[in-house]
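Data from target-v8.cif: mmCIF, C-alpha atoms and all ligand atoms
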```cif
data_run
#
loop_
_atom_site.label_atom_id
_atom_site.label_comp_id
_atom_site.auth_asym_id
_atom_site.auth_seq_id
_atom_site.Cartn_x
_atom_site.Cartn_y
_atom_site.Cartn_z
CA MET A 1 76.73 117.21 51.15
CA LYS A 2 78.03 114.20 49.24
CA ILE A 3 81.74 113.40 49.28
CA LEU A 4 83.68 111.16 46.88
CA LEU A 5 86.90 109.76 48.39
CA THR A 6 89.33 108.32 45.83
CA GLY A 7 92.37 106.21 46.70
CA SER A 8 90.34 105.01 49.68
CA ASN A 9 92.34 101.78 50.11
CA GLY A 10 95.63 103.66 50.62
CA GLN A 11 96.91 104.61 54.07
CA LEU A 12 95.49 108.14 54.06
CA GLY A 13 92.34 106.90 52.33
CA ARG A 14 91.73 104.31 55.04
CA GLU A 15 92.13 106.91 57.78
CA LEU A 16 89.73 109.21 55.92
CA ARG A 17 87.14 106.45 55.70
CA ARG A 18 87.41 106.11 59.46
CA ALA A 19 87.11 109.87 60.07
CA LEU A 20 84.23 110.33 57.61
CA ASP A 21 82.30 107.32 58.97
CA ILE A 22 82.45 108.94 62.43
CA LYS A 23 82.02 112.63 61.59
CA ALA A 24 79.86 112.51 58.44
CA PRO A 25 78.16 109.10 58.48
CA GLY A 26 76.43 108.24 55.20
CA ASP A 27 77.78 111.33 53.39
CA ALA A 28 80.72 109.71 51.58
CA VAL A 29 81.32 107.25 48.74
CA TYR A 30 84.62 105.36 48.76
CA THR A 31 86.45 104.23 45.61
CA ASP A 32 89.86 102.94 44.62
CA ILE A 33 91.42 101.88 41.33
CA GLU A 34 89.36 98.68 41.00
CA ASP A 35 86.05 100.63 41.16
CA LEU A 36 87.14 103.81 39.40
CA ASP A 37 90.47 104.17 37.60
CA LEU A 38 90.98 107.92 37.60
CA THR A 39 93.14 107.75 34.48
CA ASP A 40 90.07 106.54 32.53
CA LYS A 41 88.62 109.88 31.46
CA THR A 42 85.30 108.44 30.22
CA ALA A 43 84.71 106.35 33.32
CA VAL A 44 85.50 109.30 35.59
CA ALA A 45 83.10 111.56 33.67
CA THR A 46 80.29 108.98 33.82
CA PHE A 47 80.82 108.34 37.52
CA LEU A 48 80.92 112.00 38.50
CA ARG A 49 78.07 113.15 36.22
CA THR A 50 75.73 110.65 37.85
CA GLY A 51 77.02 111.04 41.41
CA ASP A 52 75.88 114.55 42.38
CA PHE A 53 78.96 115.09 44.54
CA SER A 54 79.62 118.32 46.46
CA HIS A 55 83.26 117.41 47.26
CA VAL A 56 85.98 115.09 45.94
CA ILE A 57 88.94 114.18 48.19
CA ASN A 58 91.67 112.78 45.95
CA CYS A 59 94.06 110.48 47.81
CA ALA A 60 94.87 108.38 44.73
CA ALA A 61 98.46 108.62 43.51
CA TYR A 62 101.47 106.78 42.16
CA ASN A 63 103.83 106.87 45.17
CA ALA A 64 106.72 104.49 44.36
CA VAL A 65 109.37 107.22 44.39
CA ASP A 66 112.30 105.06 43.17
CA ARG A 67 110.32 102.93 40.71
CA ALA A 68 108.90 106.10 39.14
CA GLU A 69 112.33 106.86 37.66
CA GLU A 70 111.67 103.86 35.33
CA GLU A 71 107.85 103.93 35.21
CA LYS A 72 107.56 107.55 34.15
CA ARG A 73 104.42 107.06 32.10
CA GLN A 74 102.46 105.23 34.82
CA CYS A 75 103.56 107.82 37.38
CA ALA A 76 102.46 110.72 35.18
CA ALA A 77 99.13 109.04 34.40
CA ALA A 78 98.13 108.79 38.08
CA ASN A 79 99.72 112.02 39.32
CA ILE A 80 98.91 114.35 36.40
CA ASP A 81 96.32 112.92 33.97
CA ALA A 82 94.01 111.56 36.69
CA VAL A 83 94.11 114.88 38.54
CA SER A 84 93.32 116.75 35.31
CA ASN A 85 90.34 114.44 34.69
CA LEU A 86 88.90 115.51 38.06
CA GLY A 87 89.74 119.18 37.50
CA LEU A 88 87.98 119.28 34.11
CA LEU A 89 84.74 118.02 35.66
CA ALA A 90 84.87 120.20 38.78
CA ASP A 91 84.22 123.28 36.69
CA GLU A 92 81.37 121.63 34.76
CA LEU A 93 79.65 120.00 37.75
CA GLY A 94 80.48 122.48 40.51
CA PHE A 95 82.03 120.12 43.07
CA LYS A 96 85.01 121.16 45.17
CA ILE A 97 88.28 119.20 45.21
CA ILE A 98 90.76 118.57 48.01
CA HIS A 99 93.80 117.08 46.31
CA ILE A 100 96.81 115.68 48.18
CA SER A 101 100.29 116.62 46.99
CA THR A 102 103.68 116.23 48.70
CA ASP A 103 106.70 117.89 50.33
CA TYR A 104 108.78 116.31 47.53
CA VAL A 105 107.83 119.22 45.23
CA PHE A 106 110.72 121.03 46.99
CA ASP A 107 114.45 120.52 46.43
CA GLY A 108 115.24 120.69 50.17
CA LYS A 109 117.94 123.34 49.90
CA THR A 110 116.41 126.12 52.05
CA TYR A 111 117.21 124.59 55.46
CA ARG A 112 114.28 126.52 56.93
CA PRO A 113 110.66 125.32 57.00
CA TYR A 114 109.04 125.58 53.58
CA ARG A 115 106.08 127.88 53.08
CA GLU A 116 103.43 127.47 50.40
CA ILE A 117 104.85 130.45 48.47
CA ASP A 118 108.34 128.92 48.18
CA LYS A 119 109.32 127.91 44.68
CA PRO A 120 108.84 124.20 43.95
CA GLU A 121 111.96 122.59 42.44
CA PRO A 122 111.27 118.84 42.47
CA LEU A 123 114.27 116.52 42.17
CA SER A 124 112.60 113.27 41.10
CA VAL A 125 110.11 112.00 38.51
CA PHE A 126 107.63 111.51 41.36
CA GLY A 127 108.12 115.10 42.59
CA VAL A 128 107.87 116.54 39.06
CA THR A 129 104.61 114.71 38.37
CA LYS A 130 103.09 115.77 41.69
CA ARG A 131 104.00 119.40 40.96
CA LYS A 132 102.53 119.14 37.45
CA GLY A 133 99.37 117.68 38.99
CA GLU A 134 99.12 120.73 41.27
CA THR A 135 99.49 123.24 38.44
CA ALA A 136 97.13 121.31 36.14
CA LEU A 137 94.46 121.23 38.84
CA LEU A 138 94.74 124.90 39.76
CA GLY A 139 94.61 125.77 36.03
CA LEU A 140 91.43 123.74 35.42
CA ALA A 141 89.69 124.22 38.76
CA PRO A 142 91.13 127.26 40.59
CA GLU A 143 88.67 126.81 43.47
CA SER A 144 90.46 123.58 44.45
CA MET A 145 92.37 123.07 47.67
CA ILE A 146 95.74 121.30 47.58
CA ILE A 147 97.26 119.91 50.77
CA ARG A 148 100.96 119.05 50.93
CA PRO A 149 101.75 116.60 53.74
CA GLY A 150 105.17 115.60 54.96
CA TRP A 151 106.28 111.96 55.41
CA LEU A 152 103.03 110.01 55.88
CA TYR A 153 102.77 107.03 58.22
CA SER A 154 99.92 104.98 59.68
CA PRO A 155 99.25 101.60 61.32
CA TYR A 156 98.71 100.10 57.84
CA PRO A 157 101.42 98.08 56.08
CA GLY A 158 103.95 99.59 53.71
CA ASN A 159 105.03 102.82 55.40
CA PHE A 160 108.22 103.73 57.29
CA VAL A 161 106.90 102.98 60.80
CA THR A 162 105.47 99.55 59.98
CA THR A 163 108.60 98.72 57.95
CA ILE A 164 110.84 99.53 60.95
CA LEU A 165 108.67 97.35 63.23
CA ASN A 166 108.88 94.48 60.73
CA LEU A 167 112.66 94.83 60.44
CA ALA A 168 112.95 94.82 64.24
CA SER A 169 110.93 91.63 64.56
CA SER A 170 113.04 89.97 61.86
CA GLY A 171 116.19 90.82 63.83
CA ALA A 172 117.83 92.41 60.77
CA PRO A 173 120.51 95.03 61.57
CA MET A 174 119.26 98.53 60.88
CA ARG A 175 121.22 101.29 59.19
CA ILE A 176 118.98 104.33 58.82
CA VAL A 177 119.61 107.63 57.05
CA ALA A 178 120.24 110.42 59.55
CA ASP A 179 120.93 113.40 57.28
CA ARG A 180 117.49 113.86 55.71
CA ILE A 181 115.16 115.98 57.78
CA GLY A 182 111.42 116.21 57.31
CA SER A 183 108.01 116.43 58.95
CA PRO A 184 106.59 113.03 59.97
CA THR A 185 102.82 113.20 59.47
CA TYR A 186 100.33 110.80 61.04
CA SER A 187 97.73 109.96 58.39
CA ALA A 188 94.98 109.88 61.06
CA ASP A 189 95.74 113.50 62.06
CA LEU A 190 95.63 114.63 58.44
CA ALA A 191 92.39 112.71 57.82
CA ASP A 192 90.77 114.46 60.80
CA ALA A 193 91.99 117.84 59.55
CA ILE A 194 90.61 117.26 56.02
CA THR A 195 87.25 116.10 57.38
CA ASP A 196 87.04 119.10 59.73
CA ILE A 197 87.89 121.49 56.87
CA ILE A 198 85.01 120.15 54.76
CA LEU A 199 82.56 120.11 57.67
CA SER A 200 83.53 123.67 58.69
CA GLY A 201 81.70 124.93 55.58
CA HIS A 202 84.51 127.49 55.12
CA TRP A 203 86.27 126.99 51.80
CA SER A 204 89.62 128.64 51.11
CA PRO A 205 91.14 127.55 47.78
CA GLY A 206 94.87 127.23 47.12
CA ILE A 207 97.84 125.32 48.51
CA PHE A 208 98.25 124.43 52.21
CA ASN A 209 101.02 122.57 54.03
CA TYR A 210 100.02 120.04 56.67
CA ALA A 211 102.48 117.98 58.73
CA GLY A 212 103.18 116.92 62.28
CA GLU A 213 104.74 119.64 64.43
CA GLY A 214 108.49 119.46 64.91
CA ALA A 215 111.17 117.98 62.67
CA ALA A 216 112.98 114.66 62.49
CA SER A 217 115.47 112.63 60.52
CA TRP A 218 114.54 109.14 59.33
CA TYR A 219 116.95 107.91 62.05
CA ASP A 220 115.10 109.90 64.75
CA MET A 221 111.83 108.43 63.57
CA ALA A 222 113.16 104.86 63.59
CA VAL A 223 114.56 105.25 67.13
CA ALA A 224 111.31 106.78 68.46
CA THR A 225 109.28 104.00 66.80
CA LEU A 226 111.22 101.26 68.56
CA GLU A 227 111.31 103.15 71.88
CA TYR A 228 107.53 103.55 71.86
CA ALA A 229 107.10 99.93 70.80
CA GLY A 230 109.03 98.87 73.92
CA MET A 231 112.21 97.84 72.04
CA SER A 232 114.75 100.26 73.55
CA ASP A 233 117.57 97.72 73.21
CA LEU A 234 117.03 97.49 69.46
CA ALA A 235 116.56 101.27 69.17
CA ALA A 236 120.03 101.76 70.65
CA LYS A 237 121.52 99.43 68.01
CA ILE A 238 120.23 101.36 64.99
CA VAL A 239 123.21 102.74 63.08
CA PRO A 240 122.80 106.29 61.72
CA VAL A 241 124.14 106.51 58.16
CA SER A 242 124.49 109.18 55.50
CA SER A 243 122.30 109.37 52.40
CA ALA A 244 125.40 108.50 50.43
CA ASP A 245 125.03 104.96 51.86
CA TYR A 246 121.47 104.67 50.53
CA HIS A 247 121.37 103.92 46.83
CA GLY A 248 117.82 104.72 45.73
CA ALA A 249 117.13 105.45 42.06
CA ALA A 250 115.44 108.77 42.82
CA THR A 251 117.11 111.87 44.22
CA ARG A 252 115.38 112.93 47.43
CA PRO A 253 115.43 116.36 49.07
CA TYR A 254 117.60 116.75 52.19
CA TYR A 255 115.30 119.08 54.09
CA THR A 256 111.50 119.30 53.73
CA VAL A 257 110.21 120.53 57.07
CA LEU A 258 106.92 122.32 56.34
CA ASP A 259 105.67 125.59 57.79
CA LYS A 260 102.04 125.08 58.85
CA SER A 261 101.16 128.69 59.75
CA LYS A 262 98.75 129.12 56.83
CA ILE A 263 96.50 126.12 57.52
CA LYS A 264 96.52 126.82 61.28
CA ALA A 265 95.53 130.48 60.77
CA THR A 266 92.92 129.73 58.09
CA TYR A 267 91.20 126.78 59.77
CA GLY A 268 92.18 127.08 63.44
CA ILE A 269 93.67 123.59 63.26
CA ASP A 270 95.63 122.34 66.26
CA ILE A 271 98.45 120.11 64.97
CA PRO A 272 100.02 117.55 67.34
CA HIS A 273 103.78 117.10 67.64
CA TRP A 274 105.03 114.16 65.57
CA LEU A 275 106.29 112.33 68.70
CA ASN A 276 102.86 112.55 70.32
CA SER A 277 101.17 111.27 67.14
CA LEU A 278 103.72 108.48 66.67
CA ARG A 279 102.96 107.26 70.18
CA ARG A 280 99.22 107.14 69.38
CA CYS A 281 99.93 105.28 66.13
CA ILE A 282 102.03 102.66 67.91
CA ASP A 283 99.40 102.26 70.63
CA ARG A 284 96.91 101.43 67.87
CA ILE A 285 99.30 98.94 66.27
CA ASN A 286 99.81 97.26 69.65
CA LYS A 287 96.05 96.88 70.09
CA GLN A 288 95.54 95.28 66.64
N1 LIG A 301 103.28 108.12 51.51
C1 LIG A 301 103.91 109.25 51.82
O1 LIG A 301 104.90 109.28 52.56
C2 LIG A 301 103.39 110.56 51.26
C3 LIG A 301 104.07 111.73 51.59
C4 LIG A 301 103.57 112.94 51.11
C5 LIG A 301 102.46 112.96 50.31
N2 LIG A 301 101.83 111.80 49.98
C6 LIG A 301 100.61 111.88 49.14
O2 LIG A 301 99.50 111.62 49.99
C7 LIG A 301 98.46 110.97 49.21
C8 LIG A 301 98.05 109.69 49.90
O3 LIG A 301 99.21 108.85 50.00
P1 LIG A 301 99.14 107.39 50.58
O4 LIG A 301 100.45 107.12 51.23
O5 LIG A 301 97.87 107.18 51.32
O6 LIG A 301 99.09 106.58 49.21
P2 LIG A 301 98.84 105.01 48.96
O7 LIG A 301 98.79 104.30 50.27
O8 LIG A 301 99.83 104.61 47.92
O9 LIG A 301 97.38 105.00 48.34
C9 LIG A 301 97.10 105.49 47.07
C10 LIG A 301 95.92 104.72 46.53
O10 LIG A 301 95.60 105.24 45.23
C11 LIG A 301 95.34 104.13 44.38
N3 LIG A 301 95.52 104.52 42.97
C12 LIG A 301 96.67 104.53 42.26
N4 LIG A 301 96.42 104.86 40.98
C13 LIG A 301 95.09 105.07 40.88
C14 LIG A 301 94.22 105.39 39.81
N5 LIG A 301 94.69 105.56 38.56
N6 LIG A 301 92.89 105.50 40.05
C15 LIG A 301 92.40 105.31 41.30
N7 LIG A 301 93.16 104.98 42.35
C16 LIG A 301 94.50 104.85 42.15
C17 LIG A 301 96.33 103.09 44.83
O11 LIG A 301 95.97 101.82 44.36
P3 LIG A 301 97.19 100.75 44.12
O12 LIG A 301 97.81 100.55 45.46
O13 LIG A 301 96.47 99.54 43.58
O14 LIG A 301 98.12 101.39 43.15
C18 LIG A 301 96.22 103.23 46.36
O15 LIG A 301 95.15 102.45 46.88
C19 LIG A 301 99.06 110.78 47.81
O16 LIG A 301 98.67 111.87 47.00
C20 LIG A 301 100.54 110.85 48.05
O17 LIG A 301 101.26 111.26 46.89
C21 LIG A 301 102.27 110.59 50.44
#
```
For the file at hand, write its structure as structure tokens.
Amino acid sequence: MKILLTGSNGQLGRELRRALDIKAPGDAVYTDIEDLDLTDKTAVATFLRTGDFSHVINCAAYNAVDRAEEEKRQCAAANIDAVSNLGLLADELGFKIIHISTDYVFDGKTYRPYREIDKPEPLSVFGVTKRKGETALLGLAPESMIIRPGWLYSPYPGNFVTTILNLASSGAPMRIVADRIGSPTYSADLADAITDIILSGHWSPGIFNYAGEGAASWYDMAVATLEYAGMSDLAAKIVPVSSADYHGAATRPYYTVLDKSKIKATYGIDIPHWLNSLRRCIDRINKQ
């Protein structure tokens, strides 16, 4: 077994490096854009043809949801063209791909947990490109596995949890959206699940949801973050606001709770509740 992990400097990528180093030491090669730009078709072909990989885990993506409304070309290059470059080679070289997509392929209008068979209706440039990446990959390499996480967080900078902790320490007043509901997903839990899927030796192609159990609004998540970080006074001062008060360039779905029945039944995965995982994430941050 030889695994290529792309996007390995991102938050999910860093958690996967940790999981793979523990569970499959020496079996994985880690790259990010500075070593291997996945939009460079020639470079990708050269790298993969000489690498003898059995699996590719693709965590690379363009994730700036609001900025993507302006930077459509850059977003499409990373989320569609790069994925196609991998898919083209998977067929030729016989490696298997786990590609990471998103809950933002849905429009959020069902108000019941989304299943993999529900029709994607993305609302933003980001969501459209991620959906096109999914269809391109399954067209080129139908044996691929696509995992759609919910809202990802980790101890690493630049996600919702670390942003809330930074805002709290700066003393800035917090007004957090309370009418968007989703599935907070601890990157470390997802990294363990992906590693276990590969090591199980059982390969089931197609699309799978993966997210923390339960459901939360951004407001719920902000309050729980500060409670677990020992800042109950500040948690009580967070003001819940409506999405109408948040003026992002992209339109976001209101409701993207994910149904995880398929991945649990296929791989026997035990998924922790988001509150339990958030507590473990904050414990790690406190120890850093
Ligand atoms: N973040 C979320 O809330 C969320 C929610 C659902 C799904 N997802 C999906 O989950 C996956 C992992 O997300 P994440 O939060 O870990 O992302 P991340 O932290 O933004 O990491 C993505 C990594 O990919 C790299 N990258 C970008 N373009 C590349 C290219 N052309 N070639 C090679 N590497 C490239 C980025 O480098 P630069 O930083 O230099 O650009 C970055 O290191 C992505 O597919 C994302 O769409 C994320």
**Request:** With all atoms listed in the file counted, which protein, DNA or RNA residues have an atom no more than 9 Å from (102.8, 118.7, 60.3) in the file frame? Please answer as a PyMOL selection string.
**Result:** chain A and resi 149-150+183-186+189-190+209-215+257-260+271-274
**Prompt:** atom O8 of ligand LIG 301 (chain A) to atom CA of A:Ala265: how many Å, to one decimal?
**Reply:** 29.2 Å
Considering only C-alpha atoms and all ligand atoms, give me a table of residues in chain A that are at most 9 Å from ligand LIG 301 (chain A), with the closest atom pair and distance in Å for each, as a Markdown table.
```
| residue | atom | partner | partner_atom | distance |
| --- | --- | --- | --- | --- |
| A:Thr6 | CA | A:LIG301 | N7 | 6.2 |
| A:Gly7 | CA | A:LIG301 | O10 | 3.7 |
| A:Ser8 | CA | A:LIG301 | O15 | 6.1 |
| A:Asn9 | CA | A:LIG301 | O15 | 4.3 |
| A:Gly10 | CA | A:LIG301 | O9 | 3.2 |
| A:Gln11 | CA | A:LIG301 | O5 | 3.9 |
| A:Leu12 | CA | A:LIG301 | O5 | 3.8 |
| A:Gly13 | CA | A:LIG301 | O5 | 5.6 |
| A:Arg14 | CA | A:LIG301 | O5 | 7.7 |
| A:Glu15 | CA | A:LIG301 | O5 | 8.6 |
| A:Thr31 | CA | A:LIG301 | C15 | 7.4 |
| A:Asp32 | CA | A:LIG301 | N7 | 4.5 |
| A:Ile33 | CA | A:LIG301 | C15 | 3.6 |
| A:Glu34 | CA | A:LIG301 | C15 | 7.3 |
| A:Asp35 | CA | A:LIG301 | C15 | 7.9 |
| A:Leu36 | CA | A:LIG301 | C15 | 5.8 |
| A:Asp37 | CA | A:LIG301 | N6 | 3.7 |
| A:Leu38 | CA | A:LIG301 | N6 | 3.9 |
| A:Thr39 | CA | A:LIG301 | N5 | 4.9 |
| A:Asp40 | CA | A:LIG301 | N5 | 7.7 |
| A:Asn58 | CA | A:LIG301 | O16 | 7.1 |
| A:Cys59 | CA | A:LIG301 | C8 | 4.6 |
| A:Ala60 | CA | A:LIG301 | O10 | 3.3 |
| A:Ala61 | CA | A:LIG301 | C12 | 4.6 |
| A:Tyr62 | CA | A:LIG301 | C12 | 5.3 |
| A:Asn63 | CA | A:LIG301 | O8 | 5.4 |
| A:Ala64 | CA | A:LIG301 | O8 | 7.8 |
| A:Gln74 | CA | A:LIG301 | N5 | 8.6 |
| A:Cys75 | CA | A:LIG301 | N4 | 8.5 |
| A:Ala77 | CA | A:LIG301 | N5 | 7.0 |
| A:Ala78 | CA | A:LIG301 | N5 | 4.7 |
| A:Asn79 | CA | A:LIG301 | O16 | 7.8 |
| A:Asp81 | CA | A:LIG301 | N5 | 8.8 |
| A:Ala82 | CA | A:LIG301 | N5 | 6.3 |
| A:His99 | CA | A:LIG301 | O16 | 7.2 |
| A:Ile100 | CA | A:LIG301 | O16 | 4.4 |
| A:Ser101 | CA | A:LIG301 | O16 | 5.0 |
| A:Thr102 | CA | A:LIG301 | C5 | 3.8 |
| A:Asp103 | CA | A:LIG301 | C4 | 5.9 |
| A:Tyr104 | CA | A:LIG301 | C4 | 7.2 |
| A:Phe126 | CA | A:LIG301 | O17 | 8.4 |
| A:Gly127 | CA | A:LIG301 | O17 | 9.0 |
| A:Lys130 | CA | A:LIG301 | O17 | 7.1 |
| A:Ile147 | CA | A:LIG301 | O2 | 8.6 |
| A:Arg148 | CA | A:LIG301 | C5 | 6.3 |
| A:Pro149 | CA | A:LIG301 | C4 | 4.9 |
| A:Gly150 | CA | A:LIG301 | C4 | 4.9 |
| A:Trp151 | CA | A:LIG301 | O1 | 4.1 |
| A:Leu152 | CA | A:LIG301 | O1 | 3.9 |
| A:Tyr153 | CA | A:LIG301 | O1 | 6.5 |
| A:Ser154 | CA | A:LIG301 | O4 | 8.7 |
| A:Tyr156 | CA | A:LIG301 | O7 | 8.7 |
| A:Pro157 | CA | A:LIG301 | O7 | 8.9 |
| A:Gly158 | CA | A:LIG301 | O7 | 7.8 |
| A:Asn159 | CA | A:LIG301 | N1 | 6.8 |
| A:Phe160 | CA | A:LIG301 | O1 | 8.0 |
| A:Pro184 | CA | A:LIG301 | O1 | 8.5 |
| A:Thr185 | CA | A:LIG301 | C3 | 8.1 |
| A:Ser187 | CA | A:LIG301 | O5 | 7.6 |
```
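Comparing A:Pro173, A:Gly94, A:Pro113, A:Pro120 by their smallest distance to A:Ile207, the closest is A:Pro120 (using only C-alpha atoms).
Taking all atoms listed in the file into account, A:Glu69 lies nearest to A:Arg252 out of the set A:His55, A:Lys262, A:Arg279, A:Arg252.
If you look at atom CA of A:Ala168 and atom CA of A:Leu234, they are 7.1 Å away from each other.
Atom pair atom CA of A:Thr42 / atom CA of A:Thr129: separated by 21.9 Å.
Distance annotation: of A:Lys119, A:Leu199, A:Thr251, A:Leu226, the residue with the minimal separation from A:Ala19 is A:Leu199; atom set is all atoms listed in the file.
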**Asked** Could you name the residues that touch A:Lys237 at 10 Å or less, counting only C-alpha atoms, but leaving out those on the same chain fewer than 2 positions away, as a list in words?
**Response** Pro173, Met174, Arg175, Val223, Ser232, Asp233, Leu234, Ala235, Val239 and Pro240 of chain A
Kindly export the residues of the current selection with C-alpha atoms, as a short mmCIF file (atom, residue, chain, number, x, y, z; two decimals), in the frame of the given file.
```
data_model
loop_
_atom_site.label_atom_id
_atom_site.label_comp_id
_atom_site.auth_asym_id
_atom_site.auth_seq_id
_atom_site.Cartn_x
_atom_site.Cartn_y
_atom_site.Cartn_z
CA PRO A 173 120.51 95.03 61.57
CA MET A 174 119.26 98.53 60.88
CA ARG A 175 121.22 101.29 59.19
CA VAL A 223 114.56 105.25 67.13
CA SER A 232 114.75 100.26 73.55
CA ASP A 233 117.57 97.72 73.21
CA LEU A 234 117.03 97.49 69.46
CA ALA A 235 116.56 101.27 69.17
CA VAL A 239 123.21 102.74 63.08
CA PRO A 240 122.80 106.29 61.72
#
```
**Request:** Could you check which of A:Ile194, A:Ala222, A:Val83, A:Ile98 is closest to A:Ile269, using only C-alpha atoms?
**Result:** A:Ile194
**Message:** For a quick check of understanding, using all atoms listed in the file, which of A:Ser242, A:Ser84, A:Ser277, A:Thr195 has the smallest distance to A:Tyr228?
**Reply:** A:Ser277
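Omitting A:Leu165 and its sequence neighbours fewer than 6 positions away, and counting all atoms listed in the file, the residues within 10 Å are Gly171, Ala222, Thr225, Leu226, Ala229, Met231, Ile282 and Ile285 of chain A.
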Selected residues written out with C-alpha atoms, as a tab-separated table (two decimals), in the coordinates of the input:
```
chain	number	residue	atom	x	y	z
A	171	GLY	CA	116.19	90.82	63.83
A	222	ALA	CA	113.16	104.86	63.59
A	225	THR	CA	109.28	104.00	66.80
A	226	LEU	CA	111.22	101.26	68.56
A	229	ALA	CA	107.10	99.93	70.80
A	231	MET	CA	112.21	97.84	72.04
A	282	ILE	CA	102.03	102.66	67.91
A	285	ILE	CA	99.30	98.94	66.27
```
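When only C-alpha atoms are used to measure the gap to A:Ala136, the shortest distance among A:Leu89, A:Ile80, A:Val56, A:Ile181 belongs to A:Ile80.
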Contacts of A:Ala250 within 9 Å, only C-alpha atoms, excl. fewer than 3 positions in-chain, as a compact mmCIF listing (two decimals) with C-alpha atoms, keeping the file's coordinate frame:
```txt
# COMPACT_ATOMS: atom_id res chain seq x y z
CA VAL A 65 109.37 107.22 44.39
CA ASP A 66 112.30 105.06 43.17
CA ARG A 67 110.32 102.93 40.71
CA ALA A 68 108.90 106.10 39.14
CA GLU A 69 112.33 106.86 37.66
CA LEU A 123 114.27 116.52 42.17
CA SER A 124 112.60 113.27 41.10
CA VAL A 125 110.11 112.00 38.51
CA PHE A 126 107.63 111.51 41.36
CA HIS A 247 121.37 103.92 46.83
```
**Asked** Near A:Leu138, within 10 Å and counting only C-alpha atoms, which residues show up once chain neighbours fewer than 3 positions away are dropped, as a PyMOL selection string?
**Response** chain A and resi 84+87+132-135+141-146+205-207
Return as JSON the centre and edge lengths, in Å with one decimal, of the box along x, y and z that encloses every atom of stretch 248-261 of chain A in the file, padded by 3 Å per side.
```
{"center_x": 109.5, "center_y": 116.7, "center_z": 50.9, "size_x": 22.7, "size_y": 30.0, "size_z": 23.7}
```
